[in-house]
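Below is data.cif, which holds mmCIF, C-alpha atoms.
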data_work
#
loop_
_atom_site.group_PDB
_atom_site.id
_atom_site.type_symbol
_atom_site.label_atom_id
_atom_site.label_comp_id
_atom_site.auth_asym_id
_atom_site.auth_seq_id
_atom_site.Cartn_x
_atom_site.Cartn_y
_atom_site.Cartn_z
ATOM 1 C CA MET A 1 9.860 143.413 41.623
ATOM 2 C CA THR A 2 9.131 143.285 37.923
ATOM 3 C CA SER A 3 7.339 140.109 37.011
ATOM 4 C CA ILE A 4 8.343 138.536 33.730
ATOM 5 C CA THR A 5 6.072 135.634 33.012
ATOM 6 C CA HIS A 6 8.218 132.935 31.451
ATOM 7 C CA SER A 7 6.371 129.789 30.520
ATOM 8 C CA PRO A 8 8.881 127.089 31.648
ATOM 9 C CA LEU A 9 9.233 128.669 35.083
ATOM 10 C CA LEU A 10 5.506 129.329 35.288
ATOM 11 C CA ALA A 11 4.647 125.769 34.300
ATOM 12 C CA ALA A 12 7.115 124.232 36.748
ATOM 13 C CA ALA A 13 6.085 126.487 39.622
ATOM 14 C CA ALA A 14 2.344 126.276 39.106
ATOM 15 C CA THR A 15 2.429 122.491 38.747
ATOM 16 C CA THR A 16 4.594 122.119 41.847
ATOM 17 C CA PHE A 17 2.411 124.356 43.998
ATOM 18 C CA GLU A 18 -0.718 122.550 42.856
ATOM 19 C CA SER A 19 0.528 118.949 43.019
ATOM 20 C CA LEU A 20 2.937 119.035 45.942
ATOM 21 C CA ALA A 21 1.443 121.755 48.130
ATOM 22 C CA MET A 22 -2.129 121.419 46.874
ATOM 23 C CA LEU A 23 -2.339 125.157 46.285
ATOM 24 C CA PRO A 24 -3.695 126.627 43.063
ATOM 25 C CA SER A 25 -1.755 129.656 41.849
ATOM 26 C CA SER A 26 -2.103 132.380 39.258
ATOM 27 C CA ALA A 27 0.319 134.603 37.364
ATOM 28 C CA THR A 28 -2.306 137.342 37.602
ATOM 29 C CA LEU A 29 -1.953 138.905 41.030
ATOM 30 C CA SER A 30 -4.513 140.886 42.952
ATOM 31 C CA ALA A 31 -3.395 144.219 44.411
ATOM 32 C CA ALA A 32 -3.264 142.659 47.872
ATOM 33 C CA GLU A 33 -1.155 139.726 46.656
ATOM 34 C CA ALA A 34 1.240 142.046 44.837
ATOM 35 C CA ALA A 35 1.701 144.198 47.946
ATOM 36 C CA ALA A 36 2.005 141.386 50.504
ATOM 37 C CA PRO A 37 5.394 141.400 52.303
ATOM 38 C CA ILE A 38 7.837 138.570 51.703
ATOM 39 C CA ALA A 39 8.732 136.616 54.860
ATOM 40 C CA PHE A 40 10.697 133.508 53.845
ATOM 41 C CA GLY A 41 13.262 132.760 51.170
ATOM 42 C CA VAL A 42 15.120 129.620 50.097
ATOM 43 C CA ARG A 43 17.572 128.909 47.313
ATOM 44 C CA VAL A 44 18.755 125.852 45.431
ATOM 45 C CA ASP A 45 22.122 125.954 43.672
ATOM 46 C CA PHE A 46 22.620 123.837 40.569
ATOM 47 C CA GLU A 47 25.514 122.720 38.388
ATOM 48 C CA GLY A 48 25.547 121.048 35.014
ATOM 49 C CA PRO A 49 25.274 122.387 31.477
ATOM 50 C CA LEU A 50 24.012 125.531 33.233
ATOM 51 C CA ARG A 51 25.196 126.787 36.602
ATOM 52 C CA GLY A 52 23.352 129.077 38.971
ATOM 53 C CA ARG A 53 20.571 129.117 41.539
ATOM 54 C CA LEU A 54 16.822 129.218 41.851
ATOM 55 C CA GLU A 55 15.356 131.343 44.614
ATOM 56 C CA LEU A 56 11.867 131.101 46.055
ATOM 57 C CA ARG A 57 10.436 133.818 48.272
ATOM 58 C CA VAL A 58 6.996 133.679 49.810
ATOM 59 C CA THR A 59 4.713 135.577 52.120
ATOM 60 C CA ALA A 60 4.129 134.185 55.608
ATOM 61 C CA ASP A 61 0.661 132.837 54.871
ATOM 62 C CA VAL A 62 1.875 130.981 51.788
ATOM 63 C CA ALA A 63 4.798 129.514 53.745
ATOM 64 C CA CYS A 64 2.461 128.289 56.446
ATOM 65 C CA CYS A 65 -0.026 126.858 53.963
ATOM 66 C CA VAL A 66 2.648 125.031 51.949
ATOM 67 C CA ALA A 67 4.005 123.343 55.083
ATOM 68 C CA GLU A 68 0.557 122.496 56.438
ATOM 69 C CA ASN A 69 -0.595 120.960 53.186
ATOM 70 C CA MET A 70 2.582 118.967 52.626
ATOM 71 C CA LEU A 71 2.663 117.661 56.187
ATOM 72 C CA GLY A 72 -1.075 117.369 56.729
ATOM 73 C CA LEU A 73 -0.622 119.010 60.127
ATOM 74 C CA PRO A 74 -1.355 122.425 61.593
ATOM 75 C CA ILE A 75 1.773 124.598 61.557
ATOM 76 C CA ALA A 76 2.759 127.541 63.752
ATOM 77 C CA LEU A 77 5.371 129.741 62.107
ATOM 78 C CA GLU A 78 6.917 130.673 65.458
ATOM 79 C CA THR A 79 7.594 127.104 66.571
ATOM 80 C CA ASP A 80 7.789 125.174 63.303
ATOM 81 C CA ALA A 81 10.101 127.420 61.271
ATOM 82 C CA THR A 82 12.438 124.520 60.473
ATOM 83 C CA LEU A 83 9.622 122.471 58.982
ATOM 84 C CA VAL A 84 8.387 125.501 57.052
ATOM 85 C CA ARG A 85 11.826 126.084 55.543
ATOM 86 C CA ASP A 86 12.193 122.377 54.773
ATOM 87 C CA ALA A 87 8.853 122.425 52.948
ATOM 88 C CA LEU A 88 9.775 125.558 50.991
ATOM 89 C CA GLY A 89 13.163 124.044 50.191
ATOM 90 C CA GLU A 90 11.498 120.978 48.748
ATOM 91 C CA VAL A 91 9.181 123.126 46.632
ATOM 92 C CA ALA A 92 12.184 125.101 45.346
ATOM 93 C CA ASN A 93 14.066 121.864 44.677
ATOM 94 C CA VAL A 94 11.191 120.414 42.665
ATOM 95 C CA VAL A 95 10.652 123.625 40.678
ATOM 96 C CA CYS A 96 14.370 123.773 39.928
ATOM 97 C CA GLY A 97 14.496 120.124 38.913
ATOM 98 C CA ASN A 98 11.623 120.638 36.527
ATOM 99 C CA VAL A 99 12.602 123.934 34.936
ATOM 100 C CA LEU A 100 16.232 123.061 34.145
ATOM 101 C CA PRO A 101 15.416 120.336 31.579
ATOM 102 C CA GLU A 102 13.144 122.833 29.844
ATOM 103 C CA LEU A 103 16.101 125.186 29.491
ATOM 104 C CA ALA A 104 18.945 122.735 28.816
ATOM 105 C CA GLY A 105 17.215 119.720 27.274
ATOM 106 C CA ARG A 106 16.003 116.347 28.504
ATOM 107 C CA ASP A 107 19.430 114.732 28.194
ATOM 108 C CA ALA A 108 21.092 117.277 30.459
ATOM 109 C CA VAL A 109 22.252 116.004 33.840
ATOM 110 C CA PHE A 110 22.287 118.484 36.720
ATOM 111 C CA HIS A 111 23.417 118.278 40.303
ATOM 112 C CA LEU A 112 21.146 120.184 42.668
ATOM 113 C CA GLY A 113 22.509 121.329 46.005
ATOM 114 C CA ALA A 114 20.622 121.053 49.264
ATOM 115 C CA PRO A 115 18.163 123.941 49.750
ATOM 116 C CA GLN A 116 19.528 126.869 51.747
ATOM 117 C CA ILE A 117 17.849 129.706 53.580
ATOM 118 C CA CYS A 118 18.004 133.216 52.091
ATOM 119 C CA GLU A 119 19.005 135.263 55.113
ATOM 120 C CA ALA A 120 17.534 138.453 53.632
ATOM 121 C CA PRO A 121 14.417 137.155 51.872
ATOM 122 C CA ASP A 122 13.242 140.597 50.761
ATOM 123 C CA VAL A 123 16.508 141.335 48.915
ATOM 124 C CA VAL A 124 16.696 140.011 45.365
ATOM 125 C CA ALA A 125 19.916 139.987 43.369
ATOM 126 C CA PRO A 126 19.588 142.116 40.227
ATOM 127 C CA SER A 127 18.963 140.859 36.717
ATOM 128 C CA PRO A 128 17.736 137.311 37.124
ATOM 129 C CA GLU A 129 17.460 135.382 33.857
ATOM 130 C CA LEU A 130 13.917 134.365 34.766
ATOM 131 C CA ALA A 131 11.534 135.925 37.253
ATOM 132 C CA LEU A 132 7.970 135.201 38.133
ATOM 133 C CA SER A 133 5.436 136.275 40.723
ATOM 134 C CA LEU A 134 2.534 133.979 41.512
ATOM 135 C CA GLY A 135 -0.570 134.829 43.445
ATOM 136 C CA VAL A 136 -1.215 131.944 45.820
ATOM 137 C CA ASP A 137 -4.562 132.101 47.554
ATOM 138 C CA GLY A 138 -4.207 135.677 48.781
ATOM 139 C CA GLY A 139 -0.439 135.527 49.313
ATOM 140 C CA ARG A 140 2.499 135.640 46.912
ATOM 141 C CA ALA A 141 5.405 133.531 45.742
ATOM 142 C CA ASP A 142 8.324 135.137 43.874
ATOM 143 C CA LEU A 143 10.669 132.917 41.903
ATOM 144 C CA THR A 144 13.929 133.971 40.281
ATOM 145 C CA LEU A 145 16.464 131.940 38.341
ATOM 146 C CA HIS A 146 20.012 133.290 38.242
ATOM 147 C CA LEU A 147 22.682 131.898 35.945
ATOM 148 C CA VAL A 148 26.411 132.187 36.565
ATOM 149 C CA HIS A 149 28.132 133.253 33.378
ATOM 150 C CA LEU A 150 31.695 131.994 33.417
ATOM 151 C CA HIS A 151 34.351 134.264 32.000
ATOM 152 C CA PRO A 152 35.733 132.772 28.756
ATOM 153 C CA ALA A 153 39.234 132.701 30.272
ATOM 154 C CA SER A 154 38.104 130.696 33.299
ATOM 155 C CA ARG A 155 36.198 128.274 31.048
ATOM 156 C CA GLY A 156 39.397 127.683 29.128
ATOM 157 C CA ALA A 157 41.393 127.197 32.310
ATOM 158 C CA ALA A 158 38.841 124.728 33.673
ATOM 159 C CA SER A 159 39.006 122.530 30.602
ATOM 160 C CA MET B 1 0.446 90.555 54.365
ATOM 161 C CA ALA B 2 1.485 93.828 55.984
ATOM 162 C CA PHE B 3 4.213 95.776 54.214
ATOM 163 C CA ASN B 4 7.127 97.225 56.147
ATOM 164 C CA VAL B 5 8.220 100.286 54.196
ATOM 165 C CA LEU B 6 11.443 102.274 54.263
ATOM 166 C CA VAL B 7 11.196 105.921 53.150
ATOM 167 C CA VAL B 8 14.583 107.411 52.211
ATOM 168 C CA ASP B 9 14.661 111.161 51.600
ATOM 169 C CA ASP B 10 16.805 113.978 52.976
ATOM 170 C CA SER B 11 13.728 116.178 53.389
ATOM 171 C CA ALA B 12 11.793 115.494 56.604
ATOM 172 C CA VAL B 13 8.733 117.072 54.991
ATOM 173 C CA MET B 14 8.919 114.757 51.981
ATOM 174 C CA ARG B 15 9.351 111.732 54.242
ATOM 175 C CA ALA B 16 6.246 112.810 56.131
ATOM 176 C CA MET B 17 4.333 113.417 52.909
ATOM 177 C CA VAL B 18 5.274 110.060 51.398
ATOM 178 C CA SER B 19 4.454 108.315 54.684
ATOM 179 C CA ARG B 20 1.057 110.008 54.756
ATOM 180 C CA VAL B 21 0.260 108.865 51.215
ATOM 181 C CA LEU B 22 1.374 105.344 52.201
ATOM 182 C CA ARG B 23 -0.969 105.334 55.196
ATOM 183 C CA MET B 24 -3.857 106.527 53.015
ATOM 184 C CA SER B 25 -3.073 104.194 50.130
ATOM 185 C CA GLY B 26 -5.075 101.190 51.263
ATOM 186 C CA VAL B 27 -1.938 99.047 51.369
ATOM 187 C CA PRO B 28 -1.797 97.067 54.636
ATOM 188 C CA LEU B 29 1.158 98.531 56.472
ATOM 189 C CA GLY B 30 3.404 97.207 59.170
ATOM 190 C CA GLU B 31 6.142 99.616 60.194
ATOM 191 C CA ILE B 32 7.256 102.701 58.273
ATOM 192 C CA HIS B 33 10.962 103.367 58.755
ATOM 193 C CA GLU B 34 12.643 106.601 57.710
ATOM 194 C CA ALA B 35 16.198 107.403 56.622
ATOM 195 C CA SER B 36 17.680 110.709 55.484
ATOM 196 C CA ASN B 37 20.284 109.288 53.072
ATOM 197 C CA GLY B 38 21.327 106.088 51.335
ATOM 198 C CA GLU B 39 23.819 105.088 54.005
ATOM 199 C CA GLU B 40 21.180 105.219 56.732
ATOM 200 C CA GLY B 41 18.821 103.428 54.391
ATOM 201 C CA LEU B 42 21.212 100.524 53.814
ATOM 202 C CA ARG B 43 21.776 100.221 57.558
ATOM 203 C CA LEU B 44 18.035 99.997 58.184
ATOM 204 C CA VAL B 45 17.574 97.422 55.417
ATOM 205 C CA ALA B 46 20.264 95.305 57.095
ATOM 206 C CA GLU B 47 18.742 95.695 60.569
ATOM 207 C CA ARG B 48 15.003 95.539 59.872
ATOM 208 C CA TRP B 49 12.655 93.574 57.672
ATOM 209 C CA VAL B 50 11.754 95.835 54.752
ATOM 210 C CA ASP B 51 9.274 94.889 51.999
ATOM 211 C CA LEU B 52 9.269 98.121 49.987
ATOM 212 C CA VAL B 53 11.624 101.106 49.637
ATOM 213 C CA MET B 54 10.518 104.613 48.670
ATOM 214 C CA LEU B 55 13.751 106.247 47.503
ATOM 215 C CA ASP B 56 14.814 109.793 46.679
ATOM 216 C CA VAL B 57 17.804 110.217 44.344
ATOM 217 C CA ASN B 58 19.519 113.491 45.169
ATOM 218 C CA MET B 59 20.683 113.176 48.792
ATOM 219 C CA PRO B 60 23.834 114.014 50.756
ATOM 220 C CA VAL B 61 26.219 111.356 52.165
ATOM 221 C CA MET B 62 24.975 108.619 49.819
ATOM 222 C CA ASP B 63 22.605 109.277 46.929
ATOM 223 C CA GLY B 64 19.703 107.077 45.961
ATOM 224 C CA GLU B 65 21.316 105.593 42.867
ATOM 225 C CA THR B 66 24.289 104.372 44.911
ATOM 226 C CA MET B 67 21.986 102.851 47.525
ATOM 227 C CA LEU B 68 19.975 101.172 44.783
ATOM 228 C CA ARG B 69 23.071 99.672 43.170
ATOM 229 C CA ARG B 70 24.201 98.351 46.566
ATOM 230 C CA LEU B 71 20.794 96.762 47.131
ATOM 231 C CA ARG B 72 20.819 95.131 43.702
ATOM 232 C CA ALA B 73 24.347 93.800 44.274
ATOM 233 C CA GLU B 74 23.346 91.762 47.345
ATOM 234 C CA PRO B 75 21.401 88.507 46.797
ATOM 235 C CA GLU B 76 19.190 89.165 49.847
ATOM 236 C CA THR B 77 18.018 92.532 48.546
ATOM 237 C CA ALA B 78 18.455 92.208 44.776
ATOM 238 C CA ALA B 79 14.706 91.805 44.211
ATOM 239 C CA LEU B 80 13.519 94.231 46.894
ATOM 240 C CA PRO B 81 10.731 96.395 45.397
ATOM 241 C CA VAL B 82 11.846 100.024 45.089
ATOM 242 C CA ILE B 83 9.865 103.098 44.053
ATOM 243 C CA VAL B 84 12.104 106.032 43.148
ATOM 244 C CA VAL B 85 10.471 109.379 43.982
ATOM 245 C CA SER B 86 12.559 112.133 42.448
ATOM 246 C CA THR B 87 12.710 115.374 40.495
ATOM 247 C CA GLU B 88 15.210 113.698 38.174
ATOM 248 C CA SER B 89 14.248 114.539 34.587
ATOM 249 C CA SER B 90 17.338 113.515 32.666
ATOM 250 C CA VAL B 91 16.270 110.789 30.274
ATOM 251 C CA THR B 92 19.675 109.160 30.635
ATOM 252 C CA ARG B 93 19.531 108.958 34.423
ATOM 253 C CA VAL B 94 15.887 107.878 34.549
ATOM 254 C CA GLN B 95 16.597 105.058 32.082
ATOM 255 C CA ALA B 96 19.632 104.020 34.131
ATOM 256 C CA LEU B 97 17.467 103.804 37.252
ATOM 257 C CA GLU B 98 14.650 101.966 35.498
ATOM 258 C CA ALA B 99 17.202 99.459 34.202
ATOM 259 C CA LEU B 100 17.785 98.569 37.860
ATOM 260 C CA GLY B 101 14.185 97.424 38.144
ATOM 261 C CA VAL B 102 12.440 100.289 39.894
ATOM 262 C CA ALA B 103 9.181 102.131 39.440
ATOM 263 C CA PHE B 104 9.691 105.854 38.941
ATOM 264 C CA VAL B 105 7.447 108.591 40.311
ATOM 265 C CA HIS B 106 8.384 112.056 39.189
ATOM 266 C CA LYS B 107 8.102 115.030 41.553
ATOM 267 C CA PRO B 108 5.852 116.918 41.741
ATOM 268 C CA PHE B 109 3.418 114.057 42.059
ATOM 269 C CA ALA B 110 -0.247 114.133 42.863
ATOM 270 C CA PRO B 111 -0.956 111.860 45.858
ATOM 271 C CA GLU B 112 -3.202 109.764 43.605
ATOM 272 C CA ASP B 113 -0.285 109.079 41.246
ATOM 273 C CA LEU B 114 1.988 107.924 44.042
ATOM 274 C CA ARG B 115 -0.798 105.791 45.491
ATOM 275 C CA ALA B 116 -1.424 104.160 42.100
ATOM 276 C CA THR B 117 2.253 103.224 41.803
ATOM 277 C CA ILE B 118 2.323 101.867 45.363
ATOM 278 C CA LEU B 119 -0.727 99.708 44.639
ATOM 279 C CA ARG B 120 0.776 98.471 41.363
ATOM 280 C CA ILE B 121 4.088 97.554 42.944
ATOM 281 C CA THR B 122 2.552 95.876 45.989
ATOM 282 C CA GLY B 123 -0.251 94.196 44.014
ATOM 283 C CA VAL B 124 -2.827 95.357 46.559
ATOM 284 C CA THR B 125 -6.361 96.127 45.348
ATOM 285 C CA PRO B 126 -8.182 98.025 48.073
ATOM 286 C CA ASP B 127 -11.969 97.972 47.785
ATOM 287 C CA ASP B 128 -12.708 100.612 50.357
ATOM 288 C CA GLU B 129 -13.573 104.146 49.257
ATOM 289 C CA TYR B 130 -12.356 105.304 52.665
ATOM 290 C CA TYR B 131 -8.921 105.503 51.137
ATOM 291 C CA ALA B 132 -9.836 108.231 48.634
ATOM 292 C CA LEU B 133 -7.085 110.840 48.668
ATOM 293 C CA PRO B 134 -7.447 114.621 48.703
ATOM 294 C CA SER B 135 -7.036 116.588 45.515
ATOM 295 C CA ALA B 136 -5.707 120.084 44.932
ATOM 296 C CA GLY B 137 -8.030 122.612 46.418
ATOM 297 C CA GLY B 138 -6.493 125.434 48.353
ATOM 298 C CA ARG B 139 -6.141 126.808 51.785
ATOM 299 C CA GLY B 140 -8.346 125.261 54.374
ATOM 300 C CA ASP B 141 -8.663 121.854 52.744
ATOM 301 C CA ASP B 142 -8.997 119.328 55.481
ATOM 302 C CA PHE B 143 -7.203 116.061 55.051
#

Show this structure as structure tokens.
Amino acid sequence: MTSITHSPLLAAAATTFESLAMLPSSATLSAAEAAAPIAFGVRVDFEGPLRGRLELRVTADVACCVAENMLGLPIALETDATLVRDALGEVANVVCGNVLPELAGRDAVFHLGAPQICEAPDVVAPSPELALSLGVDGGRADLTLHLVHLHPASRGAAS
Amino acid sequence: MAFNVLVVDDSAVMRAMVSRVLRMSGVPLGEIHEASNGEEGLRLVAERWVDLVMLDVNMPVMDGETMLRRLRAEPETAALPVIVVSTESSVTRVQALEALGVAFVHKPFAPEDLRATILRITGVTPDDEYYALPSAGGRGDDF
């Protein structure tokens, strides 16, 4: 996936990984991080002045580490998949909640949906508005932000 | 005084994380109750003795703002200390919440920030370095 470093997404993601999951991250990936296979994906839909979704995909080791650090407990991916997805969903939710005001302004009010699992985490919809890959301690996190562009006719009908 | 705390968040991981910070905060704790939405939270407030509420905003069934307004509308719970822990960034919504007499902790928070707000709201001054919280480090940090 092509990585387009976009500062609002980078700032929101890096801060969230560091503060919430206690994991430092870098937009400069090692060869191993860039090649690591994606294992988990979650998405958060949002509505407001902008409408769309933020997707977070991570390698297995990053998923495990995020959940362990947030819970303060050892995690086994095989038995604790629900907790892992819940932790990733919260990270995606926080990134989404922090990047949207940077795009739409501090007065904008958004409704964020509950995080959902991406059933095919290695498949990314084409042409996201924002995309970012972060190296996270030997693993990788991919973030994409997709906007829904309403057809002018449907906007008129809705109003 | 031991504080009975209610943590209201639809994420089980966030409830666990907030509870962990509470336990490490140095605040003397009684029971920590958990609820996954505002409706459950109101039920627990009615059934149990609660001294402090840690409240998320964006939740299914009943959101945090609705729960907060219900608490403030009842004489028994109008002054109940509430710390809102949320990703909410809209200036308008944050000001509306703060007008209801809450402390606001923005996600993502560092554990130290949440702890500082808990100590401020409860008025507890721990003098034991045992309660020092972990900082960002990376994989393998033991806490």

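You will find CA of Val45 in chain B at 13.0 Å from CA of Pro75 in chain B.
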
Quiz item: Within 6 Å of chain A, which residues of chain B show up when using all atoms listed in the file, listed as a PyMOL selection string?
Solution: chain B and resi 13+17+87+90-91+108-110+136+138

Edge lengths and centre, in Å to one decimal, as lines of an AutoDock Vina configuration file: that's what I need for the box along x, y and z that holds all listed atoms of range 82-85 of chain B plus 5 Å on each side.
center_x = 11.0
center_y = 104.7
center_z = 44.1
size_x = 12.2
size_y = 19.4
size_z = 11.9

Quiz prompt | Long-range neighbours of range 130-133 of chain A as a count of residues only, 12 Å cut-off, all atoms listed in the file, 5 positions minimum in chain | solution = 48

Quiz item: Written as an MDAnalysis selection string, what is the full residue list that the PyMOL selection byres ((chain B and resi 118-121) around 10) yields on the file shown?
Solution: chainID B and resid 21:22 25:27 52 54 81:83 102:103 105 112:117 122:126

Practice problem: Determine, counting all atoms listed in the file, which protein, DNA and RNA residues have an atom within 12 Å of an atom of Glu39 in chain B; residues of the same chain fewer than 6 positions away are not included. Present the result as number ranges by chain. | Solution: B: 8-10, 45-46, 59-68, 70-71

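Interatomic distance, CA of Ala78 in chain B to CA of Gly101 in chain B: 9.5 Å.
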
Quiz prompt | Interatomic distance (Å, one decimal) between CA of Gly38 in chain B and CA of Asp56 in chain B | solution =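 Computed distance, CA of Gly38 in chain B to CA of Asp56 in chain B, equals 8.8 Å.
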
Quiz item: Got a sec to resolve the PyMOL selection byres ((chain B and resi 34) around 12) on this structure and send the residues as a PyMOL selection string?
Solution: chain B and resi 4-19+31-33+35-45+48+50+52-56

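The residues returned by the PyMOL selection byres ((chain B and resi 2) around 7) for this structure are Met1, Phe3, Asn4, Pro28, Leu29 and Gly30 of chain B.
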